Amino acid sequence: MEHIVVADRGSVRIVTLNRPERMNALSRALVAEIGAAAREAAATATTRALVLTGAGKAFCAGADLKERTSMTEAEVKAFLGVYRDAFGAVDRCPKPVIAAIGGAAFGGGLELALACDLRVADPMATMGLVEVRVGIIPGAGGTQRLPRLIGPGRAKDLIVTGRRVDAKEALSLGLVNRVSEPGEVLDEAVAWGAEIAESCAPVGVAQALAAIDGGLDLSLEEGLAHEQRCYEVTLPTADRLEGIAAFAAKRKPSFKGE
């Protein structure tokens, strides 16, 4: 791929947005590559966690406005579908996806982080959905994913003002899960992914994510039924039997994803 770099650290795959000269701005090519990388990680058995990060000083500064100015209204409308497809692939990945936010994450860049399951930020990171300040609204899922994450009141504050928040406020809002030590955001994210990959059953993790994500818009009764369906997927797995045996033997389980 031309605009991302993919590397594996054990069972954790790192996907790095690699347009540092443009602060990793989201061109059409980069967005398509993000989706392809997410789908590839989902299909790779040896990958048990995925980390998204950005090269240079930014996680992702948002849309590539230089490219956007040359696009017609019809092309911009079509591009929104590319966003939904690519970020949807990140959102639907059955492996836990962690955003390592090492710098600016604005507009579509923050929307990409919102499509991830977990987020860790460098203390110097800044982020915001700034679209209303350039005459548009978030169009890559921000108006939908942010309220689900932090509640509609807090989301409206950020979206209708377009204001930026630092890592400390992002943590207090629940926008990020953790703040790393300075300069250690990628290592923190990889260590987090490795902890999940090495200690937790892959089928169990996938079904836990499916239970949470699939139940968000259901009633409690429907959600509980959905949870049971996800639970039942784990019942015939070898990993479930291994987990029980390891617990009884007081040893660390060896999960195979089977």
# chains A, B, ... in the order shown; residues from 1 in each chain; ligands from 1

$ select_by_dssp --residues "segment 13-258 of chain A" --states "alpha helix (DSSP H)" --output "PyMOL selection string"
chain A and resi 28-43+65-68+73-92+108-114+142-150+152-161+167-173+185-199+202-215+220-234+238-249

$ write_last_selection --atoms "C-alpha atoms" --output "short mmCIF file (atom, residue, chain, number, x, y, z; two decimals), in the first residue's frame"
data_model
loop_
_atom_site.label_atom_id
_atom_site.label_comp_id
_atom_site.auth_asym_id
_atom_site.auth_seq_id
_atom_site.Cartn_x
_atom_site.Cartn_y
_atom_site.Cartn_z
CA ARG A 28 -9.32 9.10 -1.19
CA ALA A 29 -6.42 6.69 -1.60
CA LEU A 30 -5.55 6.69 2.11
CA VAL A 31 -9.16 6.12 3.18
CA ALA A 32 -9.46 3.15 0.82
CA GLU A 33 -6.19 1.69 2.13
CA ILE A 34 -7.39 2.00 5.74
CA GLY A 35 -10.44 -0.07 4.88
CA ALA A 36 -8.35 -2.66 3.05
CA ALA A 37 -5.93 -2.93 5.98
CA ALA A 38 -8.80 -3.45 8.44
CA ARG A 39 -10.34 -6.18 6.30
CA GLU A 40 -6.96 -7.88 5.90
CA ALA A 41 -6.35 -7.82 9.66
CA ALA A 42 -9.80 -9.27 10.25
CA ALA A 43 -8.99 -12.18 7.93
CA LEU A 65 -8.71 19.82 1.96
CA LYS A 66 -6.25 20.38 -0.89
CA GLU A 67 -7.73 17.36 -2.65
CA ARG A 68 -11.25 18.26 -1.55
CA GLU A 73 -20.33 18.17 -5.01
CA ALA A 74 -21.17 14.80 -6.55
CA GLU A 75 -17.64 13.55 -5.94
CA VAL A 76 -17.72 14.68 -2.32
CA LYS A 77 -21.05 12.91 -1.84
CA ALA A 78 -19.59 9.71 -3.32
CA PHE A 79 -16.52 10.06 -1.12
CA LEU A 80 -18.71 9.95 1.98
CA GLY A 81 -19.63 6.43 0.95
CA VAL A 82 -15.94 5.54 0.76
CA TYR A 83 -15.53 6.86 4.30
CA ARG A 84 -18.44 4.78 5.56
CA ASP A 85 -17.12 1.65 3.89
CA ALA A 86 -13.56 2.06 5.19
CA PHE A 87 -14.37 3.21 8.71
CA GLY A 88 -17.11 0.59 8.86
CA ALA A 89 -14.46 -2.06 8.19
CA VAL A 90 -12.52 -0.73 11.19
CA ASP A 91 -15.68 -0.67 13.32
CA ARG A 92 -16.71 -4.20 12.33
CA GLY A 108 -12.17 12.71 9.96
CA GLY A 109 -9.07 11.83 11.94
CA LEU A 110 -11.04 11.81 15.18
CA GLU A 111 -13.86 10.00 13.41
CA LEU A 112 -11.37 7.27 12.50
CA ALA A 113 -10.36 7.01 16.16
CA LEU A 114 -14.04 6.81 17.12
CA GLY A 142 -18.86 11.46 14.09
CA THR A 143 -22.44 12.57 14.76
CA GLN A 144 -23.41 8.95 15.42
CA ARG A 145 -20.42 7.37 17.14
CA LEU A 146 -19.52 10.25 19.46
CA PRO A 147 -22.97 10.49 21.18
CA ARG A 148 -22.94 6.72 21.64
CA LEU A 149 -19.55 6.99 23.30
CA ILE A 150 -19.87 10.03 25.57
CA PRO A 152 -25.57 13.31 23.41
CA GLY A 153 -25.09 16.36 25.64
CA ARG A 154 -21.31 16.20 25.67
CA ALA A 155 -21.24 15.24 22.00
CA LYS A 156 -23.35 18.24 21.03
CA ASP A 157 -20.98 20.51 22.94
CA LEU A 158 -18.02 19.26 20.92
CA ILE A 159 -19.77 19.02 17.56
CA VAL A 160 -21.73 22.29 17.41
CA THR A 161 -18.85 24.36 18.75
CA ALA A 167 -5.81 14.72 26.25
CA LYS A 168 -6.76 15.48 29.85
CA GLU A 169 -10.22 16.72 28.94
CA ALA A 170 -10.65 13.92 26.41
CA LEU A 171 -10.01 11.43 29.20
CA SER A 172 -12.48 13.12 31.54
CA LEU A 173 -15.15 13.10 28.81
CA VAL A 185 1.55 6.28 23.11
CA LEU A 186 2.37 3.64 20.49
CA ASP A 187 4.12 1.37 22.98
CA GLU A 188 1.18 1.75 25.37
CA ALA A 189 -1.30 0.83 22.64
CA VAL A 190 0.76 -2.17 21.51
CA ALA A 191 1.18 -3.37 25.10
CA TRP A 192 -2.59 -3.06 25.58
CA GLY A 193 -3.22 -5.05 22.42
CA ALA A 194 -0.66 -7.67 23.44
CA GLU A 195 -2.31 -8.08 26.83
CA ILE A 196 -5.61 -8.87 25.12
CA ALA A 197 -3.96 -11.07 22.49
CA GLU A 198 -1.95 -13.12 24.97
CA SER A 199 -4.42 -13.45 27.83
CA PRO A 202 -9.91 -14.70 20.38
CA VAL A 203 -13.40 -16.09 19.84
CA GLY A 204 -14.46 -14.77 23.23
CA VAL A 205 -13.06 -11.32 22.46
CA ALA A 206 -14.77 -11.23 19.06
CA GLN A 207 -18.10 -12.27 20.53
CA ALA A 208 -17.80 -9.81 23.41
CA LEU A 209 -17.30 -7.00 20.89
CA ALA A 210 -20.20 -8.28 18.82
CA ALA A 211 -22.43 -8.44 21.90
CA ILE A 212 -21.62 -4.87 22.91
CA ASP A 213 -21.82 -3.29 19.46
CA GLY A 214 -24.86 -5.26 18.36
CA GLY A 215 -26.81 -4.47 21.51
CA LEU A 220 -32.70 -4.51 27.28
CA GLU A 221 -34.74 -7.65 26.61
CA GLU A 222 -33.57 -7.81 23.00
CA GLY A 223 -30.01 -7.05 24.07
CA LEU A 224 -29.98 -9.89 26.57
CA ALA A 225 -31.17 -12.28 23.86
CA HIS A 226 -28.43 -10.97 21.57
CA GLU A 227 -25.88 -11.49 24.33
CA GLN A 228 -26.99 -15.11 24.73
CA ARG A 229 -26.58 -15.74 21.00
CA CYS A 230 -23.04 -14.37 21.16
CA TYR A 231 -22.30 -16.43 24.27
CA GLU A 232 -23.50 -19.58 22.58
CA VAL A 233 -20.95 -19.11 19.80
CA THR A 234 -18.20 -19.67 22.39
CA ALA A 238 -11.67 -25.59 22.11
CA ASP A 239 -10.63 -22.33 23.74
CA ARG A 240 -13.52 -22.56 26.21
CA LEU A 241 -12.41 -26.03 27.29
CA GLU A 242 -8.80 -24.84 27.49
CA GLY A 243 -9.83 -21.92 29.68
CA ILE A 244 -11.65 -24.21 32.10
CA ALA A 245 -8.75 -26.69 32.18
CA ALA A 246 -6.19 -23.94 32.74
CA PHE A 247 -8.24 -22.46 35.57
CA ALA A 248 -8.51 -25.84 37.26
CA ALA A 249 -4.76 -26.47 36.84
#

$ select_by_dssp --residues "segment 59-250 of chain A" --states "strand (DSSP E or B)" --output "list in words"
Phe59, Cys60, Ala63, Val97, Ile98, Ala99, Ala100, Ile101, Ala104, Ala105, Phe106, Leu118, Arg119, Val120, Ala121, Thr126, Met127, Gly128, Val165, Asp166, Arg178 and Val179 of chain A

$ write_last_selection --atoms "N, CA and C atoms" --output "PDB file, in the first residue's frame"
ATOM      1  N   PHE A  59      -1.801  12.265  14.509  1.00  0.00           N
ATOM      2  CA  PHE A  59      -2.515  11.015  14.251  1.00  0.00           C
ATOM      3  C   PHE A  59      -3.162  11.132  12.877  1.00  0.00           C
ATOM      4  N   CYS A  60      -4.017  12.127  12.723  1.00  0.00           N
ATOM      5  CA  CYS A  60      -4.633  12.407  11.426  1.00  0.00           C
ATOM      6  C   CYS A  60      -5.333  13.750  11.526  1.00  0.00           C
ATOM      7  N   ALA A  63      -9.728  15.552   6.783  1.00  0.00           N
ATOM      8  CA  ALA A  63      -9.816  15.467   5.331  1.00  0.00           C
ATOM      9  C   ALA A  63      -8.668  16.217   4.665  1.00  0.00           C
ATOM     10  N   VAL A  97      -9.538  -3.120  18.080  1.00  0.00           N
ATOM     11  CA  VAL A  97      -8.797  -2.084  17.357  1.00  0.00           C
ATOM     12  C   VAL A  97      -8.535  -0.928  18.311  1.00  0.00           C
ATOM     13  N   ILE A  98      -7.261  -0.543  18.436  1.00  0.00           N
ATOM     14  CA  ILE A  98      -6.849   0.495  19.373  1.00  0.00           C
ATOM     15  C   ILE A  98      -6.254   1.659  18.597  1.00  0.00           C
ATOM     16  N   ALA A  99      -6.758   2.857  18.831  1.00  0.00           N
ATOM     17  CA  ALA A  99      -6.180   4.057  18.222  1.00  0.00           C
ATOM     18  C   ALA A  99      -5.098   4.604  19.139  1.00  0.00           C
ATOM     19  N   ALA A 100      -3.891   4.763  18.603  1.00  0.00           N
ATOM     20  CA  ALA A 100      -2.786   5.386  19.330  1.00  0.00           C
ATOM     21  C   ALA A 100      -2.668   6.818  18.823  1.00  0.00           C
ATOM     22  N   ILE A 101      -3.233   7.764  19.579  1.00  0.00           N
ATOM     23  CA  ILE A 101      -3.342   9.155  19.135  1.00  0.00           C
ATOM     24  C   ILE A 101      -2.130   9.921  19.647  1.00  0.00           C
ATOM     25  N   ALA A 104      -2.297  15.518  16.709  1.00  0.00           N
ATOM     26  CA  ALA A 104      -3.590  16.063  16.320  1.00  0.00           C
ATOM     27  C   ALA A 104      -4.489  14.983  15.730  1.00  0.00           C
ATOM     28  N   ALA A 105      -5.757  15.007  16.143  1.00  0.00           N
ATOM     29  CA  ALA A 105      -6.794  14.142  15.571  1.00  0.00           C
ATOM     30  C   ALA A 105      -8.031  15.003  15.378  1.00  0.00           C
ATOM     31  N   PHE A 106      -8.194  15.548  14.181  1.00  0.00           N
ATOM     32  CA  PHE A 106      -9.274  16.484  13.918  1.00  0.00           C
ATOM     33  C   PHE A 106     -10.184  15.952  12.817  1.00  0.00           C
ATOM     34  N   LEU A 118     -10.951   1.085  21.200  1.00  0.00           N
ATOM     35  CA  LEU A 118     -10.277   1.696  22.342  1.00  0.00           C
ATOM     36  C   LEU A 118      -9.368   2.804  21.838  1.00  0.00           C
ATOM     37  N   ARG A 119      -9.100   3.776  22.709  1.00  0.00           N
ATOM     38  CA  ARG A 119      -8.267   4.908  22.316  1.00  0.00           C
ATOM     39  C   ARG A 119      -7.309   5.266  23.449  1.00  0.00           C
ATOM     40  N   VAL A 120      -6.037   5.451  23.096  1.00  0.00           N
ATOM     41  CA  VAL A 120      -5.051   5.942  24.050  1.00  0.00           C
ATOM     42  C   VAL A 120      -4.378   7.154  23.414  1.00  0.00           C
ATOM     43  N   ALA A 121      -4.176   8.209  24.203  1.00  0.00           N
ATOM     44  CA  ALA A 121      -3.654   9.463  23.673  1.00  0.00           C
ATOM     45  C   ALA A 121      -2.359   9.851  24.372  1.00  0.00           C
ATOM     46  N   THR A 126      -4.173  16.610  20.787  1.00  0.00           N
ATOM     47  CA  THR A 126      -5.370  17.450  20.753  1.00  0.00           C
ATOM     48  C   THR A 126      -6.334  16.855  19.742  1.00  0.00           C
ATOM     49  N   MET A 127      -7.611  17.029  19.993  1.00  0.00           N
ATOM     50  CA  MET A 127      -8.588  16.413  19.091  1.00  0.00           C
ATOM     51  C   MET A 127      -9.880  17.203  19.080  1.00  0.00           C
ATOM     52  N   GLY A 128     -10.654  17.017  18.026  1.00  0.00           N
ATOM     53  CA  GLY A 128     -11.936  17.691  17.933  1.00  0.00           C
ATOM     54  C   GLY A 128     -12.611  17.412  16.612  1.00  0.00           C
ATOM     55  N   VAL A 165     -10.129  19.725  22.200  1.00  0.00           N
ATOM     56  CA  VAL A 165      -9.863  19.364  23.585  1.00  0.00           C
ATOM     57  C   VAL A 165      -8.488  18.729  23.674  1.00  0.00           C
ATOM     58  N   ASP A 166      -7.867  18.886  24.838  1.00  0.00           N
ATOM     59  CA  ASP A 166      -6.579  18.236  25.054  1.00  0.00           C
ATOM     60  C   ASP A 166      -6.798  16.837  25.609  1.00  0.00           C
ATOM     61  N   ARG A 178      -7.356   6.031  27.873  1.00  0.00           N
ATOM     62  CA  ARG A 178      -6.120   6.181  28.630  1.00  0.00           C
ATOM     63  C   ARG A 178      -5.297   7.325  28.056  1.00  0.00           C
ATOM     64  N   VAL A 179      -4.433   7.884  28.894  1.00  0.00           N
ATOM     65  CA  VAL A 179      -3.410   8.831  28.454  1.00  0.00           C
ATOM     66  C   VAL A 179      -2.064   8.214  28.802  1.00  0.00           C
TER      67      VAL A 179
END

$ atom_distance --atom1 "atom CA of Leu175 of chain A" --atom2 "atom CA of Leu129 of chain A"
11.7 Å

$ closest_residue --among "A:Gly56, A:Gly10, A:Cys200, A:Ala61" --to "Pro96 of chain A" --atoms "only C-alpha atoms"
A:Cys200

$ atom_distance --atom1 "atom CA of Gly107 of chain A" --atom2 "atom CA of Asp8 of chain A"
27.9 Å
